[in-house]
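**Q** Okay, here's the structure, questions in a sec.
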Amino acid sequence: MGGLAIIFEEEGLATTQISLIRIHTERTRPPRALWVPFELGRPLGVPNDKPFQTRVLTAALGLLDRKSGPVLVDYPEDVPDGAGGMDEDAMTGMVCPIDLPKPPDADAPASELGRALMKEIDSLAPWYDLAVRTRGRTTVGPSGLELRDAAKFFAAFLEDQGVPAPRDDLIKGRVLKLAYEDMKAYYTEAITAQPGYTTSLQVENWLFNETVFGAALWKLRAICRESDEEYYQYLGKNSIVPDRQVDLIERAAQVAE
Amino acid sequence: MARLETIPSSERKMMIELDCSGFEGRTPFVAPKPLSERRISVVSTAALNMRGDAVYQRDDTDYRVIPGDVDPADVVMSHVSVNFDRTGFQQDLNVCFPIERLHDLAAEGVIGSVSNFHFTVSGAAHPSDLEESARAMAQTMKADGVDTVLLVPI
């Protein structure tokens, strides 16, 4: 990000930027940067909080008055309690309000997983529809597939990695990635239509630990990590399950030992 | 949350070791002018694209255009990383691409105006590899009368 600022400034365009990873900005030394203490993915801090976002934006734009640089300023305000990431300890007692099907055993055939997946998708539909109505938009769609078609391809791939992709203009691994990211968007848009799921960790813990789809994503991760194909190895390394979830599982395993 | 100590150890290690080279000794600094006279374009590294546009692929170094009068319903994300929150974006585009907040500030006269063209790239690419795209974006911005760029990470 800082490097882009330097290029634009070389082009005669004044720049100001938000910084999320302070050490990267310290190293690159762009002309003007406002470091914010917010969660990755939320550089303006809080969704649907116009005053908060405006304060952050105004602070970043305010750096344009400086007469010399580089300038790196720390933004003094953090997000309100409950509006950002939260400790795992605070998750105790969370109950999913949606009656989801019970995930099949990890060793169950993929076809059984696929059937459970479709049932789960159907059970979430009222909440997804509510989310779309409330927000006036959905972020499902980059795969270019209908959600159920994306899910069918995803489930079929778990059973047979030789299954053809439903579109041929991208490599199969990329279609797979777009398909499961669309499914993630569907699930997370649905669950955040419910009260109580306000932080990303709450949503993530639910998705990866309490849903059929989450179990399937862990299964896909294992398949990809054992694949001989470089693209699938890349997916399995860190493009299916967030590092935070892997970290939580490893920590839990250490405690169990 | 973006404090390094709160990020999982494997991801933290990657961030600490990330190559930020290529910009040493480059310290351009455009002279200030009143904010109320500035025309602003946004550049985001969130790999956002208009629905139906080409999605981002791994290692892509090209860019996508987001029009200034964009309807948030038309914006999707095809970033390859899973290690940042997307639920904020799902609820409100402005939490990572503050286009409506900029229009608010323009309406209040705080800034001069909002560009007709905004841009996204994939932050998964090294900034040095984005130089050609950045210079192409700059030409479009200048043709649109832009004098200021707001850069927003993901």
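Letters A, B, ... go to the chains of the structure tokens in the order shown; residues in each chain start at 1; ligands are counted from 1 in the same order.
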Can you list every residue of chain A that has an atom at most 6 Å from chain B, with its nearest atom pair and the distance in Å to one decimal, using only C-alpha atoms, ordered by chain then number, as JSON lines?

**A**
{"residue": "A:Gly3", "atom": "CA", "partner": "B:Pro127", "partner_atom": "CA", "distance": 5.5}
{"residue": "A:Glu9", "atom": "CA", "partner": "B:Pro28", "partner_atom": "CA", "distance": 5.8}
{"residue": "A:Glu10", "atom": "CA", "partner": "B:Pro28", "partner_atom": "CA", "distance": 5.7}
{"residue": "A:Leu13", "atom": "CA", "partner": "B:Asp147", "partner_atom": "CA", "distance": 5.1}
{"residue": "A:Ala14", "atom": "CA", "partner": "B:Thr148", "partner_atom": "CA", "distance": 4.6}
{"residue": "A:Thr15", "atom": "CA", "partner": "B:Val149", "partner_atom": "CA", "distance": 4.7}
{"residue": "A:Thr16", "atom": "CA", "partner": "B:Leu150", "partner_atom": "CA", "distance": 5.2}
{"residue": "A:Gln17", "atom": "CA", "partner": "B:Leu151", "partner_atom": "CA", "distance": 4.5}
{"residue": "A:Ile18", "atom": "CA", "partner": "B:Val152", "partner_atom": "CA", "distance": 5.4}
{"residue": "A:Leu20", "atom": "CA", "partner": "B:Ala2", "partner_atom": "CA", "distance": 5.9}
{"residue": "A:Pro37", "atom": "CA", "partner": "B:Ala2", "partner_atom": "CA", "distance": 5.5}
{"residue": "A:Phe38", "atom": "CA", "partner": "B:Met1", "partner_atom": "CA", "distance": 5.2}
{"residue": "A:Glu39", "atom": "CA", "partner": "B:Met1", "partner_atom": "CA", "distance": 4.3}
{"residue": "A:Leu40", "atom": "CA", "partner": "B:Phe84", "partner_atom": "CA", "distance": 4.9}
{"residue": "A:Gly41", "atom": "CA", "partner": "B:Ile154", "partner_atom": "CA", "distance": 4.6}
{"residue": "A:Arg42", "atom": "CA", "partner": "B:Val95", "partner_atom": "CA", "distance": 5.4}
{"residue": "A:Pro43", "atom": "CA", "partner": "B:Cys96", "partner_atom": "CA", "distance": 5.5}
{"residue": "A:Leu44", "atom": "CA", "partner": "B:Val95", "partner_atom": "CA", "distance": 4.8}
{"residue": "A:Pro47", "atom": "CA", "partner": "B:Val95", "partner_atom": "CA", "distance": 5.2}
{"residue": "A:Asn48", "atom": "CA", "partner": "B:Asp92", "partner_atom": "CA", "distance": 5.9}
{"residue": "A:Asp65", "atom": "CA", "partner": "B:Pro32", "partner_atom": "CA", "distance": 5.6}
{"residue": "A:Arg137", "atom": "CA", "partner": "B:Ala73", "partner_atom": "CA", "distance": 4.6}
{"residue": "A:Thr139", "atom": "CA", "partner": "B:Val76", "partner_atom": "CA", "distance": 5.2}
{"residue": "A:Ser239", "atom": "CA", "partner": "B:Val82", "partner_atom": "CA", "distance": 5.6}
{"residue": "A:Pro242", "atom": "CA", "partner": "B:Asn83", "partner_atom": "CA", "distance": 5.2}
{"residue": "A:Arg244", "atom": "CA", "partner": "B:Pro8", "partner_atom": "CA", "distance": 5.5}

**Q** How would the residues just chosen look if you wrote them out with C-alpha atoms as a PDB file, in the first residue's frame?

**A**
ATOM      1  CA  GLY A   3       4.607   1.654  -2.250  1.00  0.00           C
ATOM      2  CA  GLU A   9       3.147  10.912  -5.448  1.00  0.00           C
ATOM      3  CA  GLU A  10       5.877  10.577  -8.076  1.00  0.00           C
ATOM      4  CA  LEU A  13      -0.811  13.204  -7.051  1.00  0.00           C
ATOM      5  CA  ALA A  14      -0.965  13.909  -3.322  1.00  0.00           C
ATOM      6  CA  THR A  15      -1.723  10.818  -1.267  1.00  0.00           C
ATOM      7  CA  THR A  16      -2.963   9.878   2.138  1.00  0.00           C
ATOM      8  CA  GLN A  17      -3.577   6.370   3.323  1.00  0.00           C
ATOM      9  CA  ILE A  18      -4.931   4.217   6.060  1.00  0.00           C
ATOM     10  CA  LEU A  20      -3.425  -1.524   9.142  1.00  0.00           C
ATOM     11  CA  PRO A  37      -5.860  -0.305  15.403  1.00  0.00           C
ATOM     12  CA  PHE A  38      -8.767  -2.029  13.683  1.00  0.00           C
ATOM     13  CA  GLU A  39      -9.243  -5.561  12.518  1.00  0.00           C
ATOM     14  CA  LEU A  40      -7.918  -6.567   9.118  1.00  0.00           C
ATOM     15  CA  GLY A  41     -10.738  -6.181   6.612  1.00  0.00           C
ATOM     16  CA  ARG A  42     -12.234  -3.158   8.421  1.00  0.00           C
ATOM     17  CA  PRO A  43      -9.947  -0.195   7.734  1.00  0.00           C
ATOM     18  CA  LEU A  44     -12.751   2.282   8.498  1.00  0.00           C
ATOM     19  CA  PRO A  47     -19.733  -1.202   9.454  1.00  0.00           C
ATOM     20  CA  ASN A  48     -22.881   0.922   9.330  1.00  0.00           C
ATOM     21  CA  ASP A  65      -2.375  19.609   5.353  1.00  0.00           C
ATOM     22  CA  ARG A 137     -27.239  -6.246  -1.441  1.00  0.00           C
ATOM     23  CA  THR A 139     -21.671 -10.196  -1.852  1.00  0.00           C
ATOM     24  CA  SER A 239      -6.552 -20.146   1.391  1.00  0.00           C
ATOM     25  CA  PRO A 242      -8.126 -18.825   8.261  1.00  0.00           C
ATOM     26  CA  ARG A 244      -6.761 -17.934  13.265  1.00  0.00           C
TER      27      ARG A 244
END

**Q** Quick one: pick out all alpha helix (DSSP H) residues within segment 127-219 of chain A from a backbone DSSP run and write them as number ranges by chain.

**A** A: 127-135, 147-159, 172-191, 200-210, 212-219
